[in-house]
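Trainee: First, the structure itself, so that you have it in front of you.
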Amino acid sequence: MGGVTLGKNGFFVHDLEALPFTSPTDLAARKTYFFTGDKVLALGTDISGGTRQDETHTTLFQTSLNSAEQITTLNGRSIDGLQTKITIPAGSAASITDAAGNSYYLADSSADLIITRQQQQSLTTNYKPTEGLFKQAYLNHGIKPKSDFYAYVLIPDDPDGSKLKQLSDKPTEFYQVIKGDEDMHLVTFPQESLTAYAFYEDSAETPENFAIQEVHIPAAVLQQQKGRNLHIAASVPDIGWKFDYQKIARDGSNAAKTYFNSQPAKVHELELTLRGKWKLAKPDNGISLKHRGGKTYVELNVTNGLPGNFLLAPVS
């Protein structure tokens, strides 16, 4: 897991493969969170596996209610009271507000959306029983899901739902998912002239009309159009540690202290393939370019999950 930033924009990738610390599990998922403007787009694909006795959930939010009379909304309808459980069928869009003044737009999901308002029992950090009033919204993927997916947008600090209404009326003005599968999450944000590439596999290739065609190792790449130029930031989220899965499974949470503490981060030699011929708009000793067959190959070294950042101009 890791991410990349470019100016005030960024995104975070999570390639999940659960380890059986306490019970047998093969839970896996690929999740990306895009931060741009005043919104967060969350994509999840290839949600699969888990345990044979526990449902797999994706929690959108869990917020405390001041009282049973505190109003929240669902699809423009006010909701109060407790002992409430509402199911929105898979594939249905939904507009929701939580009890903290945040809005959520569920664009699509292969799982049912469950919304509850109820008295909830839990434990303190000292494991003492406690309880409170909560509203919760989560996607129920069930037992051992296979290739489940979702897409939703979080809008912080939208107490009157005005931004939510604007987004739900015309979501494509904010974002467009070009590819969302196990290989790649590719999204454009028209208002920011921004394209985000989450390359989960090095075999992934973008459609023909995108400047960046492919990478040779999994990477996170942001591209922003600046006139005719392209401002690009690229990182390899993989720290590059070597894994001994049997040792990690045996040591559990202590593995971080005993196994990873002394390992240095790997320096990755990242290569990006771009369609067309490009040159550096500003000299950069850390970036090398070469042209071959009408394409541009950009090479840079990245480590510790930090991005390389450069500006390209078209070759006239």
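Chain lettering (A, B, ...) mirrors the order of the structure tokens, residue numbering begins at 1 for each chain separately, and ligand numbering begins at 1 in order of display.
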For Arg292 of chain A, work out the shell of residues within 12 Å, counting only C-alpha atoms and skipping chain neighbours fewer than 5 positions away, then give it as an mmCIF file with C-alpha atoms, in the first residue's frame.
Mentor:
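The resulting file, result.cif, is reproduced below:
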data_model
loop_
_atom_site.group_PDB
_atom_site.id
_atom_site.type_symbol
_atom_site.label_atom_id
_atom_site.label_comp_id
_atom_site.auth_asym_id
_atom_site.auth_seq_id
_atom_site.Cartn_x
_atom_site.Cartn_y
_atom_site.Cartn_z
ATOM 1 C CA THR A 273 5.868 4.135 -21.512
ATOM 2 C CA LEU A 274 4.133 7.145 -23.081
ATOM 3 C CA ARG A 275 2.403 7.295 -26.441
ATOM 4 C CA GLY A 276 3.957 9.918 -28.723
ATOM 5 C CA LYS A 277 7.237 11.805 -28.431
ATOM 6 C CA TRP A 278 7.884 13.912 -25.324
ATOM 7 C CA TYR A 297 10.251 5.794 -22.320
ATOM 8 C CA VAL A 298 10.773 7.690 -19.063
#
Trainee: I'd like the contact shell of segment 201-207 of chain A - 12 Å cut-off, only C-alpha atoms, skipping same-chain residues fewer than 2 positions apart - returned as a count of residues only.
Mentor: 36
Trainee: Write out as a ChimeraX atom specification the residues lying within 12 Å of Gln136 of chain A, counting only C-alpha atoms and excluding same-chain residues fewer than 5 positions away.
Mentor: /A:57-65,72,82-87,96-100,113-120
Trainee: Keeping only C-alpha atoms, write the selected residues as a tab-separated table (two decimals), in the first residue's frame.
Mentor:
chain	number	residue	atom	x	y	z
A	57	HIS	CA	-18.12	-5.80	4.96
A	58	THR	CA	-16.96	-2.49	3.50
A	59	THR	CA	-17.84	0.25	6.01
A	60	LEU	CA	-18.73	3.64	4.56
A	61	PHE	CA	-19.17	5.22	7.99
A	62	GLN	CA	-20.09	4.65	11.63
A	63	THR	CA	-20.95	7.88	13.45
A	64	SER	CA	-22.47	8.53	16.87
A	65	LEU	CA	-25.90	10.10	17.23
A	72	THR	CA	-29.89	11.97	8.94
A	82	LEU	CA	-33.71	3.86	16.40
A	83	GLN	CA	-34.03	0.17	15.58
A	84	THR	CA	-33.81	1.17	11.92
A	85	LYS	CA	-32.39	-1.18	9.30
A	86	ILE	CA	-32.66	-0.29	5.61
A	87	THR	CA	-31.34	-2.39	2.71
A	96	ILE	CA	-26.63	9.46	2.30
A	97	THR	CA	-25.63	11.85	5.07
A	98	ASP	CA	-24.09	10.70	8.35
A	99	ALA	CA	-24.49	12.20	11.82
A	100	ALA	CA	-21.31	14.29	11.52
A	113	LEU	CA	-25.96	-1.40	1.17
A	114	ILE	CA	-27.11	-1.78	4.79
A	115	ILE	CA	-27.99	1.31	6.86
A	116	THR	CA	-28.76	1.03	10.58
A	117	ARG	CA	-29.60	3.41	13.45
A	118	GLN	CA	-29.44	1.65	16.80
A	119	GLN	CA	-28.06	1.29	20.30
A	120	GLN	CA	-24.67	-0.35	19.84
Trainee: Quick check, in Å to one decimal: how far apart do atom CA of Asp26 of chain A and atom CA of Arg52 of chain A lie?
Mentor: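 Straight-line distance from atom CA of Asp26 of chain A to atom CA of Arg52 of chain A works out to 9.9 Å.
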Trainee: Suppose you want the space between atom CA of Thr124 of chain A and atom CA of Gly81 of chain A; what is it in Å?
Mentor: 25.0 Å
Trainee: If you take only C-alpha atoms and a cut-off of 9 Å, which residues of segment 19-47 of chain A touch segment 143-159 of chain A, and what are their nearest atom pairs and distances in Å to one decimal, in chain and number order, as a tab-separated table?
Mentor:
residue	atom	partner	partner_atom	distance
A:Asp26	CA	A:Lys144	CA	8.8
A:Leu27	CA	A:Lys144	CA	8.0
A:Ala29	CA	A:Ser147	CA	8.3
A:Asp38	CA	A:Ile155	CA	6.7
A:Lys39	CA	A:Ile155	CA	4.9
A:Val40	CA	A:Leu154	CA	5.0
A:Leu41	CA	A:Val153	CA	4.4
A:Ala42	CA	A:Tyr152	CA	5.4
A:Leu43	CA	A:Ala151	CA	4.6
A:Gly44	CA	A:Phe149	CA	5.1
A:Thr45	CA	A:Phe149	CA	4.3
A:Asp46	CA	A:Ser147	CA	4.0
A:Ile47	CA	A:Asp148	CA	4.7
Trainee: Would you mind listing what lies within 10 Å of Pro283 of chain A as a list in words, with only C-alpha atoms counted and same-chain residues fewer than 4 positions away left out?
Mentor: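 Result of the neighbour search: Lys279, Ile287, Ser288, Phe310 and Leu311 of chain A.
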Trainee: Could you turn the residues from that selection into a file that holds N, CA and C atoms, as a PDB file, in the first residue's frame?
Mentor:
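Saved result, part-v2.pdb, follows:
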ATOM      1  N   LYS A 279       9.498  15.413 -24.369  1.00  0.00           N
ATOM      2  CA  LYS A 279      10.805  15.820 -23.850  1.00  0.00           C
ATOM      3  C   LYS A 279      10.592  16.468 -22.489  1.00  0.00           C
ATOM      4  N   ILE A 287      15.963  12.126 -14.154  1.00  0.00           N
ATOM      5  CA  ILE A 287      15.045  11.544 -15.131  1.00  0.00           C
ATOM      6  C   ILE A 287      15.786  11.317 -16.436  1.00  0.00           C
ATOM      7  N   SER A 288      15.593  10.155 -17.052  1.00  0.00           N
ATOM      8  CA  SER A 288      16.162   9.908 -18.378  1.00  0.00           C
ATOM      9  C   SER A 288      15.048   9.534 -19.349  1.00  0.00           C
ATOM     10  N   PHE A 310       7.929  15.294 -12.506  1.00  0.00           N
ATOM     11  CA  PHE A 310       8.580  15.923 -13.659  1.00  0.00           C
ATOM     12  C   PHE A 310       7.538  16.478 -14.611  1.00  0.00           C
ATOM     13  N   LEU A 311       7.988  17.371 -15.511  1.00  0.00           N
ATOM     14  CA  LEU A 311       7.125  18.054 -16.465  1.00  0.00           C
ATOM     15  C   LEU A 311       7.593  17.704 -17.869  1.00  0.00           C
TER      16      LEU A 311
END
Trainee: Write out as a list in words which residues come within 9 Å of Tyr259 of chain A when counting only C-alpha atoms, dropping same-chain ones fewer than 5 positions away.
Mentor: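 Surrounding residues, per the criterion: Phe243, Asp244, Lys247, Ile248 and Asn254 of chain A.
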Trainee: Would you mind listing what lies within 10 Å of Thr172 of chain A as a PyMOL selection string, with only C-alpha atoms counted and same-chain residues fewer than 6 positions away left out?
Mentor: chain A and resi 188-190
Trainee: Selection from above, N, CA and C atoms, as a PDB file, in the first residue's frame, can you write it?
Mentor:
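Generated file (again-v9.pdb):
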ATOM      1  N   THR A 188     -10.464   9.545 -14.565  1.00  0.00           N
ATOM      2  CA  THR A 188     -10.213  10.935 -14.949  1.00  0.00           C
ATOM      3  C   THR A 188     -11.082  11.866 -14.105  1.00  0.00           C
ATOM      4  N   PHE A 189     -10.542  13.053 -13.832  1.00  0.00           N
ATOM      5  CA  PHE A 189     -11.254  14.097 -13.088  1.00  0.00           C
ATOM      6  C   PHE A 189     -11.271  15.348 -13.967  1.00  0.00           C
ATOM      7  N   PRO A 190     -12.339  15.531 -14.770  1.00  0.00           N
ATOM      8  CA  PRO A 190     -12.363  16.597 -15.786  1.00  0.00           C
ATOM      9  C   PRO A 190     -12.124  17.993 -15.243  1.00  0.00           C
TER      10      PRO A 190
END
Trainee: Output as an NGL selection string all residues of segment 70-291 of chain A that backbone DSSP marks as strand (DSSP E).
Mentor: :A and (72-74 or 77-79 or 84-88 or 94-97 or 103-109 or 112-123 or 129-142 or 148-155 or 176-180 or 184-189 or 194-199 or 212-215 or 219-226 or 229-235 or 268-275 or 278-280 or 287-291)
Trainee: Mind listing the alpha helix (DSSP H) residues of segment 111-248 of chain A, per DSSP on the backbone, as a VMD selection string?
Mentor: chain A and resid 162 to 169 245 to 248
Trainee: Name the closest residue to Pro171 of chain A among the candidates A:Ser109, A:Thr130, A:Thr56, A:Ser95; distances are taken between atoms, counting only C-alpha atoms.
Mentor: A:Ser95
Trainee: Hey, what's within 10 Å of Arg228 of chain A if we count only C-alpha atoms and toss same-chain stuff fewer than 4 positions away? As a PDB file with N, CA and C atoms, in the first residue's frame, please?
Mentor:
ATOM      1  N   LEU A 312       6.642  17.244 -18.712  1.00  0.00           N
ATOM      2  CA  LEU A 312       6.946  16.865 -20.095  1.00  0.00           C
ATOM      3  C   LEU A 312       6.291  17.830 -21.069  1.00  0.00           C
ATOM      4  N   ALA A 313       7.002  18.077 -22.172  1.00  0.00           N
ATOM      5  CA  ALA A 313       6.467  18.890 -23.264  1.00  0.00           C
ATOM      6  C   ALA A 313       6.497  18.063 -24.541  1.00  0.00           C
ATOM      7  N   PRO A 314       5.533  18.265 -25.448  1.00  0.00           N
ATOM      8  CA  PRO A 314       5.546  17.496 -26.684  1.00  0.00           C
ATOM      9  C   PRO A 314       6.713  17.888 -27.569  1.00  0.00           C
TER      10      PRO A 314
END
Trainee: Just the number, please: distance in Å from atom CA of Ala68 of chain A to atom CA of Leu133 of chain A, one decimal.
Mentor: 7.4 Å
Trainee: Considering only C-alpha atoms, state which residue in the set A:Gly240, A:Gly101, A:Gln121, A:Tyr127 is at the smallest distance from Ser162 of chain A.
Mentor: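 Closest candidate: A:Gly101.
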Trainee: Please determine, counting only C-alpha atoms, which residue among A:Asn102, A:Asn229, A:Thr296, A:Gln246 has the shortest atom-to-atom distance to Ala281 of chain A.
Mentor: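 Among A:Asn102, A:Asn229, A:Thr296, A:Gln246, it is A:Asn229 that comes nearest to Ala281 of chain A.
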